[in-house]
>>> print(open('final24.txt').read())   # compact mmCIF, C-alpha atoms and all ligand atoms
# COMPACT_ATOMS: atom_id res chain seq x y z
CA MET M 26 20.99 59.89 -14.78
CA SER M 27 18.96 62.50 -12.93
CA PHE M 28 15.69 61.27 -11.46
CA SER M 29 12.45 63.10 -10.94
CA LEU M 30 9.57 61.19 -9.37
CA SER M 31 6.97 63.50 -10.86
CA SER M 32 8.16 62.68 -14.38
CA VAL M 33 7.87 58.94 -13.68
CA LEU M 34 4.33 59.10 -12.30
CA ARG M 35 1.26 59.31 -14.52
CA PRO M 36 0.39 62.98 -14.75
CA HIS M 37 -2.91 62.75 -12.85
CA ILE M 38 -1.57 60.67 -9.96
CA LEU M 39 -0.02 63.55 -8.02
CA SER M 40 -3.32 65.42 -7.97
CA VAL M 41 -5.52 62.40 -7.13
CA LYS M 42 -7.40 63.05 -3.92
CA PRO M 43 -7.31 59.89 -1.76
CA TYR M 44 -10.29 58.52 0.13
CA SER M 45 -10.33 60.00 3.59
CA SER M 46 -11.29 57.24 6.01
CA ALA M 47 -12.81 57.70 9.44
CA ARG M 48 -9.43 56.66 10.88
CA ASP M 49 -7.71 59.35 8.80
CA GLU M 50 -9.98 62.06 10.13
CA TYR M 51 -9.77 61.13 13.81
CA GLU M 52 -6.57 59.36 14.86
CA GLY M 53 -7.18 59.06 18.62
CA THR M 54 -7.77 55.65 20.19
CA GLU M 55 -10.07 56.63 23.06
CA GLY M 56 -13.66 57.78 22.87
CA ILE M 57 -17.08 56.68 21.71
CA PHE M 58 -16.55 55.75 18.09
CA LEU M 59 -19.67 56.47 16.05
CA ASP M 60 -17.81 57.56 12.92
CA ALA M 61 -17.17 54.45 10.77
CA ASN M 62 -20.52 52.63 10.69
CA GLU M 63 -19.00 49.66 12.52
CA ASN M 64 -20.92 47.14 14.62
CA PRO M 65 -20.59 48.34 18.25
CA PHE M 66 -21.21 44.89 19.84
CA GLY M 67 -18.29 42.83 18.53
CA SER M 68 -18.22 40.07 15.92
CA ALA M 69 -19.85 36.69 15.40
CA THR M 70 -16.47 35.06 16.10
CA GLY M 71 -16.53 36.36 19.66
CA GLN M 72 -13.27 38.17 18.86
CA PRO M 73 -13.04 41.98 18.68
CA TYR M 74 -12.74 42.37 14.91
CA ASN M 75 -15.57 44.89 14.63
CA ARG M 76 -13.28 47.92 14.24
CA TYR M 77 -11.46 48.89 11.05
CA PRO M 78 -7.68 48.38 11.24
CA ASP M 79 -5.03 51.11 11.22
CA PRO M 80 -4.92 52.12 7.53
CA TYR M 81 -1.18 52.94 7.71
CA GLN M 82 -0.11 50.12 10.06
CA ALA M 83 1.94 52.48 12.26
CA GLN M 84 2.89 50.04 15.02
CA LEU M 85 3.93 47.29 12.60
CA LYS M 86 5.94 49.74 10.50
CA ARG M 87 7.84 50.94 13.56
CA LYS M 88 9.00 47.39 14.25
CA ILE M 89 9.90 46.73 10.61
CA ALA M 90 11.76 50.05 10.44
CA ASN M 91 13.83 49.01 13.46
CA LEU M 92 14.68 45.67 11.97
CA LYS M 93 15.52 46.96 8.49
CA HIS M 94 17.21 50.20 9.55
CA VAL M 95 14.91 52.46 7.54
CA ARG M 96 12.42 55.14 8.54
CA PRO M 97 8.74 54.13 8.83
CA GLU M 98 7.99 56.66 6.06
CA GLN M 99 10.10 54.53 3.70
CA ILE M 100 7.84 51.47 4.15
CA PHE M 101 4.68 50.51 2.28
CA LEU M 102 2.78 47.42 3.44
CA GLY M 103 0.44 45.58 1.11
CA ASN M 104 -1.64 42.47 0.55
CA GLY M 105 1.43 40.41 -0.37
CA SER M 106 4.19 41.92 -2.50
CA ASP M 107 1.83 41.38 -5.40
CA GLU M 108 -0.05 44.50 -4.27
CA PRO M 109 2.89 46.95 -4.54
CA ILE M 110 3.85 45.34 -7.88
CA ASP M 111 0.41 46.25 -9.22
CA LEU M 112 0.31 49.68 -7.54
CA LEU M 113 3.72 50.66 -8.95
CA ILE M 114 2.57 49.78 -12.46
CA ARG M 115 -0.68 51.71 -12.01
CA ALA M 116 1.11 54.74 -10.52
CA ALA M 117 3.73 54.99 -13.25
CA CYS M 118 2.37 53.58 -16.50
CA THR M 119 -0.36 55.05 -18.66
CA PRO M 120 -2.06 51.96 -20.20
CA GLY M 121 -1.23 51.30 -23.83
CA GLN M 122 1.49 53.93 -23.77
CA ASP M 123 4.22 53.62 -21.13
CA GLU M 124 6.28 50.45 -20.98
CA ILE M 125 7.96 48.23 -18.42
CA ILE M 126 11.21 46.30 -18.87
CA LEU M 127 11.30 42.67 -17.74
CA LEU M 128 14.24 40.27 -17.56
CA PRO M 129 12.99 36.72 -18.14
CA PRO M 130 13.12 34.05 -16.92
CA THR M 131 11.68 35.68 -13.82
CA TYR M 132 8.68 35.85 -11.47
CA GLY M 133 5.46 35.70 -13.49
CA MET M 134 3.40 38.33 -11.67
CA TYR M 135 5.24 41.30 -13.22
CA GLU M 136 3.99 40.20 -16.63
CA VAL M 137 0.49 39.35 -15.36
CA SER M 138 0.11 42.72 -13.62
CA ALA M 139 1.41 44.57 -16.68
CA GLY M 140 -1.03 42.59 -18.84
CA ILE M 141 -4.01 43.37 -16.60
CA ASN M 142 -3.09 47.05 -16.74
CA ASN M 143 -2.58 46.91 -20.53
CA VAL M 144 1.02 48.06 -20.16
CA PRO M 145 3.37 46.96 -22.99
CA MET M 146 6.42 44.93 -21.97
CA VAL M 147 9.96 45.04 -23.25
CA LYS M 148 11.76 41.78 -22.53
CA VAL M 149 15.52 41.42 -22.27
CA SER M 150 16.57 37.86 -21.66
CA LEU M 151 18.98 37.06 -18.83
CA THR M 152 22.25 35.41 -19.91
CA PRO M 153 22.39 31.58 -19.98
CA ASP M 154 23.87 31.69 -16.45
CA PHE M 155 20.87 33.81 -15.40
CA GLN M 156 22.74 37.09 -14.92
CA LEU M 157 21.81 40.49 -16.29
CA ASP M 158 22.87 41.07 -19.88
CA VAL M 159 24.02 44.58 -19.02
CA PRO M 160 24.78 45.83 -22.58
CA ALA M 161 21.42 44.53 -23.88
CA THR M 162 19.55 46.00 -20.88
CA LEU M 163 21.25 49.39 -21.34
CA ALA M 164 20.40 49.23 -25.05
CA ALA M 165 16.73 48.53 -24.19
CA ILE M 166 16.71 51.49 -21.78
CA ALA M 167 18.10 53.76 -24.51
CA ALA M 168 15.68 52.44 -27.14
CA HIS M 169 12.57 52.74 -24.93
CA PRO M 170 12.24 56.24 -23.51
CA LYS M 171 8.65 55.40 -22.55
CA ALA M 172 9.80 52.64 -20.18
CA LYS M 173 8.93 53.71 -16.62
CA LEU M 174 9.77 50.61 -14.58
CA ILE M 175 12.33 47.80 -14.60
CA PHE M 176 11.62 44.71 -12.50
CA LEU M 177 14.67 42.79 -11.25
CA CYS M 178 14.40 39.77 -9.03
CA SER M 179 17.31 38.81 -6.78
CA PRO M 180 17.52 36.02 -5.74
CA ASN M 181 15.61 35.30 -8.93
CA ASN M 182 12.55 33.08 -9.23
CA PRO M 183 12.65 30.44 -10.81
CA THR M 184 16.43 30.29 -11.21
CA GLY M 185 17.44 30.78 -7.55
CA ASN M 186 20.60 32.84 -8.16
CA SER M 187 21.35 36.37 -7.01
CA LEU M 188 22.05 38.99 -9.64
CA GLN M 189 25.52 40.53 -9.53
CA ARG M 190 25.32 43.65 -7.38
CA GLU M 191 27.49 45.82 -9.64
CA ASP M 192 25.30 44.96 -12.65
CA VAL M 193 22.15 45.97 -10.77
CA ILE M 194 23.77 49.24 -9.69
CA GLN M 195 24.72 49.99 -13.29
CA ILE M 196 21.08 49.61 -14.32
CA ILE M 197 19.82 51.76 -11.43
CA GLU M 198 22.32 54.49 -12.38
CA ALA M 199 21.43 54.40 -16.07
CA PHE M 200 17.63 54.39 -15.78
CA ALA M 201 15.49 57.49 -15.37
CA GLY M 202 12.53 55.40 -14.21
CA LEU M 203 12.05 53.21 -11.14
CA VAL M 204 14.12 50.06 -10.67
CA ILE M 205 12.26 47.54 -8.53
CA VAL M 206 14.48 44.90 -6.91
CA ASP M 207 12.29 42.04 -5.71
CA GLU M 208 14.01 40.42 -2.72
CA ALA M 209 11.30 37.93 -1.75
CA TYR M 210 14.03 35.32 -1.07
CA ILE M 211 16.73 37.59 0.42
CA ASP M 212 16.72 35.88 3.85
CA PHE M 213 18.04 32.68 2.24
CA SER M 214 20.93 34.51 0.59
CA SER M 215 24.31 35.56 1.92
CA GLU M 216 24.20 38.61 -0.36
CA PRO M 217 23.31 41.94 1.27
CA SER M 218 19.95 43.57 0.62
CA PHE M 219 19.64 46.59 -1.66
CA ILE M 220 17.77 48.37 1.14
CA THR M 221 21.07 49.94 2.23
CA LEU M 222 21.21 51.80 -1.10
CA LEU M 223 17.80 53.50 -0.79
CA ASP M 224 19.26 56.80 0.37
CA ARG M 225 21.75 56.78 -2.50
CA PHE M 226 19.20 56.00 -5.27
CA PRO M 227 15.81 57.77 -5.21
CA ASN M 228 14.68 55.58 -8.14
CA LEU M 229 15.19 52.32 -6.21
CA VAL M 230 12.32 50.27 -4.79
CA VAL M 231 13.02 47.08 -2.81
CA LEU M 232 10.29 44.47 -2.32
CA GLN M 233 10.32 41.90 0.48
CA THR M 234 7.64 39.64 1.90
CA PHE M 235 6.47 37.77 4.99
CA SER M 236 5.47 34.83 2.75
CA LYS M 237 8.80 33.00 2.60
CA ALA M 238 11.35 33.19 5.45
CA TRP M 239 8.76 34.35 7.99
CA GLY M 240 6.44 31.46 7.07
CA LEU M 241 3.37 33.70 6.84
CA ALA M 242 2.20 33.19 3.25
CA ALA M 243 -1.39 32.78 4.45
CA LEU M 244 -1.45 36.25 6.03
CA ARG M 245 -0.60 38.07 2.77
CA LEU M 246 1.86 40.73 3.85
CA GLY M 247 4.35 42.28 1.47
CA MET M 248 6.73 45.20 2.00
CA ALA M 249 7.98 47.87 -0.37
CA PHE M 250 10.90 50.07 0.70
CA ALA M 251 11.56 53.29 -1.19
CA SER M 252 11.86 57.06 -0.81
CA ALA M 253 9.29 58.61 1.54
CA GLU M 254 8.04 60.59 -1.46
CA LEU M 255 7.18 57.47 -3.47
CA ILE M 256 5.76 55.64 -0.44
CA SER M 257 3.35 58.51 0.17
CA VAL M 258 2.09 58.10 -3.41
CA LEU M 259 1.51 54.35 -2.93
CA ASN M 260 -0.34 55.08 0.32
CA LYS M 261 -2.52 57.54 -1.52
CA ILE M 262 -3.64 55.10 -4.21
CA LYS M 263 -3.99 51.89 -2.17
CA ALA M 264 -7.33 50.59 -0.90
CA PRO M 265 -7.91 52.31 2.47
CA TYR M 266 -7.68 49.22 4.73
CA ASN M 267 -5.47 47.00 2.59
CA VAL M 268 -3.78 45.14 5.49
CA ASN M 269 -6.30 43.56 7.83
CA ALA M 270 -6.09 43.68 11.63
CA LEU M 271 -5.25 40.01 12.13
CA THR M 272 -2.36 40.24 9.67
CA GLN M 273 -1.03 43.36 11.39
CA GLN M 274 -1.28 41.71 14.80
CA LEU M 275 0.30 38.37 13.86
CA ALA M 276 3.08 39.93 11.78
CA SER M 277 3.84 42.21 14.69
CA GLU M 278 4.02 39.20 17.04
CA SER M 279 6.29 37.34 14.62
CA LEU M 280 8.72 40.28 14.63
CA ASP M 281 9.15 39.65 18.36
CA ASN M 282 10.22 36.09 17.53
CA LEU M 283 13.10 36.86 15.21
CA THR M 284 15.11 33.92 16.51
CA VAL M 285 12.38 31.46 15.46
CA LYS M 286 12.46 32.85 11.93
CA ASP M 287 16.27 32.77 11.86
CA LYS M 288 16.28 29.15 13.04
CA MET M 289 13.84 28.12 10.29
CA VAL M 290 15.90 29.94 7.67
CA LYS M 291 19.09 28.22 8.87
CA GLU M 292 17.40 24.83 8.68
CA ILE M 293 16.02 25.53 5.19
CA ILE M 294 19.47 26.60 3.97
CA SER M 295 21.10 23.48 5.40
CA GLN M 296 18.38 21.29 3.84
CA ARG M 297 18.87 23.12 0.53
CA GLU M 298 22.59 22.32 0.53
CA LEU M 299 21.93 18.68 1.43
CA LEU M 300 19.26 18.39 -1.26
CA LEU M 301 21.62 19.95 -3.80
CA VAL M 302 24.25 17.29 -3.10
CA GLN M 303 21.73 14.44 -3.08
CA LEU M 304 20.02 15.56 -6.29
CA SER M 305 23.37 16.05 -8.04
CA THR M 306 24.29 12.40 -7.47
CA LEU M 307 21.08 11.04 -9.06
CA PRO M 308 21.69 9.61 -12.57
CA LEU M 309 18.41 11.24 -13.68
CA VAL M 310 19.56 14.75 -12.83
CA GLN M 311 21.57 16.64 -15.45
CA LYS M 312 22.14 19.80 -13.46
CA VAL M 313 21.20 21.43 -10.18
CA PHE M 314 21.62 25.18 -10.35
CA PRO M 315 23.16 26.85 -7.31
CA SER M 316 20.52 28.65 -5.24
CA ASP M 317 20.35 31.59 -2.83
CA ALA M 318 16.63 30.93 -2.32
CA ASN M 319 14.42 28.29 -0.66
CA PHE M 320 14.11 26.26 -3.85
CA LEU M 321 16.34 24.56 -6.40
CA LEU M 322 16.09 24.60 -10.17
CA VAL M 323 16.85 21.12 -11.42
CA ARG M 324 17.38 20.03 -15.03
CA VAL M 325 16.28 16.54 -16.08
CA PRO M 326 16.04 14.99 -19.55
CA ASP M 327 12.23 15.22 -19.75
CA GLY M 328 10.83 17.76 -17.29
CA LYS M 329 7.18 17.17 -18.09
CA ARG M 330 7.42 13.43 -17.68
CA VAL M 331 9.33 13.62 -14.41
CA TYR M 332 6.87 16.24 -13.12
CA GLN M 333 3.94 13.91 -13.87
CA TYR M 334 5.75 10.97 -12.29
CA LEU M 335 6.24 12.96 -9.08
CA VAL M 336 2.62 14.17 -9.08
CA ASP M 337 1.44 10.56 -9.48
CA GLY M 338 3.37 9.84 -6.26
CA LYS M 339 1.74 12.88 -4.61
CA ILE M 340 4.91 14.98 -4.68
CA ILE M 341 4.13 18.32 -6.23
CA VAL M 342 6.89 20.46 -7.69
CA ARG M 343 6.73 23.24 -10.29
CA ASP M 344 7.21 22.33 -13.94
CA ARG M 345 9.33 25.09 -15.47
CA SER M 346 10.43 23.02 -18.48
CA GLY M 347 8.55 25.24 -20.92
CA VAL M 348 10.32 28.45 -19.81
CA ARG M 349 13.09 29.74 -22.08
CA LEU M 350 16.57 29.07 -20.60
CA CYS M 351 14.94 26.69 -18.10
CA GLU M 352 14.23 23.95 -20.65
CA GLY M 353 13.76 20.58 -18.94
CA CYS M 354 13.77 22.18 -15.51
CA LEU M 355 11.70 21.60 -12.40
CA ARG M 356 11.60 24.10 -9.56
CA ILE M 357 11.66 22.26 -6.28
CA THR M 358 10.90 24.00 -2.99
CA VAL M 359 13.05 22.86 -0.06
CA GLY M 360 10.78 20.91 2.29
CA THR M 361 11.20 19.34 5.70
CA PRO M 362 13.92 16.66 6.07
CA ASP M 363 11.25 13.97 5.75
CA GLU M 364 9.69 15.55 2.65
CA ASN M 365 13.10 15.95 1.03
CA SER M 366 14.02 12.30 1.71
CA LYS M 367 10.75 11.16 0.11
CA LEU M 368 11.53 13.32 -2.93
CA ILE M 369 15.01 11.81 -3.28
CA GLU M 370 13.63 8.29 -2.77
CA SER M 371 11.03 8.85 -5.45
CA LEU M 372 13.48 10.35 -7.96
CA SER M 373 15.95 7.52 -7.29
CA ALA M 374 13.25 5.02 -8.28
CA TYR M 375 12.42 6.82 -11.54
CA ARG M 376 12.99 4.78 -14.65
CA ASN M 377 13.02 6.44 -18.05
CA PRO M 378 10.42 4.58 -20.14
CA ASN M 379 12.56 5.06 -23.27
CA ASN M 380 15.51 3.09 -21.84
C1 LIG T 401 10.01 36.80 -6.60
C2 LIG T 401 8.70 36.81 -5.91
N1 LIG T 401 8.16 37.98 -5.56
C3 LIG T 401 6.98 38.02 -4.92
C4 LIG T 401 6.29 36.88 -4.63
C5 LIG T 401 4.94 36.98 -3.99
O1 LIG T 401 5.04 37.28 -2.70
P1 LIG T 401 3.74 37.60 -1.83
O2 LIG T 401 3.30 36.32 -1.25
O3 LIG T 401 4.27 38.57 -0.83
O4 LIG T 401 2.71 38.23 -2.73
C6 LIG T 401 6.81 35.64 -4.98
C7 LIG T 401 6.04 34.41 -4.67
O5 LIG T 401 6.32 33.34 -5.03
C8 LIG T 401 8.04 35.61 -5.64
O6 LIG T 401 8.58 34.45 -6.03
>>> encode(input="final24.txt", output="structure tokens", more="lines below")
Ligand SMILES: Cc1ncc(COP(=O)(O)O)c(C=O)c1O
Amino acid sequence: MSFSLSSVLRPHILSVKPYSSARDEYEGTEGIFLDANENPFGSATGQPYNRYPDPYQAQLKRKIANLKHVRPEQIFLGNGSDEPIDLLIRAACTPGQDEIILLPPTYGMYEVSAGINNVPMVKVSLTPDFQLDVPATLAAIAAHPKAKLIFLCSPNNPTGNSLQREDVIQIIEAFAGLVIVDEAYIDFSSEPSFITLLDRFPNLVVLQTFSKAWGLAALRLGMAFASAELISVLNKIKAPYNVNALTQQLASESLDNLTVKDKMVKEIISQRELLLVQLSTLPLVQKVFPSDANFLLVRVPDGKRVYQYLVDGKIIVRDRSGVRLCEGCLRITVGTPDENSKLIESLSAYRNPNN
């Protein structure tokens, strides 16, 4: 399938003139800066936060580019990955007209963002083992020429599994729009990232985040990797200073501590495997789905009741029992060893009131 970015974007987007910030117009770092209506004295915190941050996060992108083996021009940074999800929908889909294809059960924000933007959704269910239904997805692509985006999530939330690589490639090859592969949980997986395929597929976008493996959910920093052409469009339509200075600084520092992140990831994976074994032996648990993420999807006879029981004991998990194909399921994030033991202890003590 041949791909043309200009035919995927809303017609007016290419000609939109972006806001030109003070930092766009003068890029030097030395001088008397009287151009951005900032406070010259400092801030009430005593810290130097009085100056606007780099709107394109050049230093941070250089470090990320090194780590991910891409060019800085192939990176967009946003306020969490939720920002590029929204920007991609706004860039490509004319409200009420163009469509997006979703593959439930999956991460809820794709649907929320599409809803906010009044973009109709075409849903193709995953198979019962949470893989792509390739024939049905190809049929949806053929039947919906107005579909501009497909969101895939691998490892998938809330199911935890990775999608089969060959299936994803088949979809990327067959679709004339953008295929967004959300890899929020990729660090917990032994599967390779799709980032390596960016140069092969101009219609591929890969999302990653600092919120999970890096332990920086509070900072709100998401990454989108794509062709330089598409990234320049996202940069054009984003809010001028969408990633604040503190986030840029702390994320940059964390990239110098790669081994700390790797150690945490290793510990989470080993706790995940232990939790999987322990949960599987509980009489209450019907099934624990294998996971490439930092959570486990666990099927119990009455998800709602077990959820409430855990909440009453101040253990908060996510009730996914109402989601199709996840009936009766709870999504449980892997915690510290102590937290996981308390979870197992609590579930071991559960008594079904109907027995
Ligand atoms: C699949 C997936 N993508 C994206 C996100 C959001 O990431 P961020 O914190 O970067 O907005 C989540 C958060 O749970 C997620 O599960």
>>> residues_around(input="final24.txt", residues="stretch 173-190 of chain M", least_positions_apart="2", cutoff="6 Å", atoms="only C-alpha atoms", output="PyMOL selection string")
chain M and resi 125-127+131-132+156+192-193+202-208+210+316-318+322
>>> closest_residue(input="final24.txt", among="M:Val331, M:Leu259, M:Ala209, M:Ala251", to="ligand LIG 401 (chain T)", atoms="only C-alpha atoms and all ligand atoms")
M:Ala209
>>> residues_near_point(input="final24.txt", point="(-4.2, 47.8, -15.9)", cutoff="9 Å", atoms="all atoms listed in the file", output="PDB file with C-alpha atoms, keeping the file's coordinate frame")
ATOM      1  CA  ASP M 111       0.410  46.250  -9.220  1.00  0.00           C
ATOM      2  CA  ILE M 114       2.570  49.780 -12.460  1.00  0.00           C
ATOM      3  CA  ARG M 115      -0.680  51.710 -12.010  1.00  0.00           C
ATOM      4  CA  CYS M 118       2.370  53.580 -16.500  1.00  0.00           C
ATOM      5  CA  THR M 119      -0.360  55.050 -18.660  1.00  0.00           C
ATOM      6  CA  PRO M 120      -2.060  51.960 -20.200  1.00  0.00           C
ATOM      7  CA  SER M 138       0.110  42.720 -13.620  1.00  0.00           C
ATOM      8  CA  ALA M 139       1.410  44.570 -16.680  1.00  0.00           C
ATOM      9  CA  GLY M 140      -1.030  42.590 -18.840  1.00  0.00           C
ATOM     10  CA  ILE M 141      -4.010  43.370 -16.600  1.00  0.00           C
ATOM     11  CA  ASN M 142      -3.090  47.050 -16.740  1.00  0.00           C
ATOM     12  CA  ASN M 143      -2.580  46.910 -20.530  1.00  0.00           C
ATOM     13  CA  VAL M 144       1.020  48.060 -20.160  1.00  0.00           C
TER      14      VAL M 144
END
>>> residues_around(input="final24.txt", residues="M:Lys171", least_positions_apart="4", cutoff="8 Å", atoms="only C-alpha atoms", output="ChimeraX atom specification")
/M:122-124
>>> write_last_selection(input="final24.txt", atoms="C-alpha atoms", output="CSV table (one decimal), in the frame of the given file")
chain,number,residue,atom,x,y,z
M,122,GLN,CA,1.5,53.9,-23.8
M,123,ASP,CA,4.2,53.6,-21.1
M,124,GLU,CA,6.3,50.4,-21.0
>>> residues_around(input="final24.txt", residues="M:Arg48", least_positions_apart="2", cutoff="8 Å", atoms="all atoms listed in the file", output="PyMOL selection string")
chain M and resi 46+50-52+79-80
>>> residues_around(input="final24.txt", residues="M:Phe101", least_positions_apart="3", cutoff="8 Å", atoms="all atoms listed in the file", output="PyMOL selection string")
chain M and resi 98+109+248-250+256+259-260
>>> atom_distance(input="final24.txt", atom1="atom CA of M:Lys288", atom2="atom CA of M:Thr361")
13.3 Å
>>> residues_around(input="final24.txt", residues="M:Gln311", least_positions_apart="4", cutoff="9 Å", atoms="only C-alpha atoms", output="compact mmCIF listing (two decimals) with C-alpha atoms, in the coordinates of the input")
# COMPACT_ATOMS: atom_id res chain seq x y z
CA SER M 305 23.37 16.05 -8.04
CA LEU M 307 21.08 11.04 -9.06
CA VAL M 323 16.85 21.12 -11.42
CA ARG M 324 17.38 20.03 -15.03
CA VAL M 325 16.28 16.54 -16.08
CA PRO M 326 16.04 14.99 -19.55
>>> atom_distance(input="final24.txt", atom1="atom CA of M:Leu321", atom2="atom CA of M:Leu102")
28.3 Å
>>> atom_distance(input="final24.txt", atom1="atom CA of M:Leu350", atom2="atom CA of M:Asp327")
14.5 Å
>>> closest_residue(input="final24.txt", among="M:Glu352, M:Lys261, M:Ser252, M:Ser236", to="M:Tyr44", atoms="only C-alpha atoms")
M:Lys261
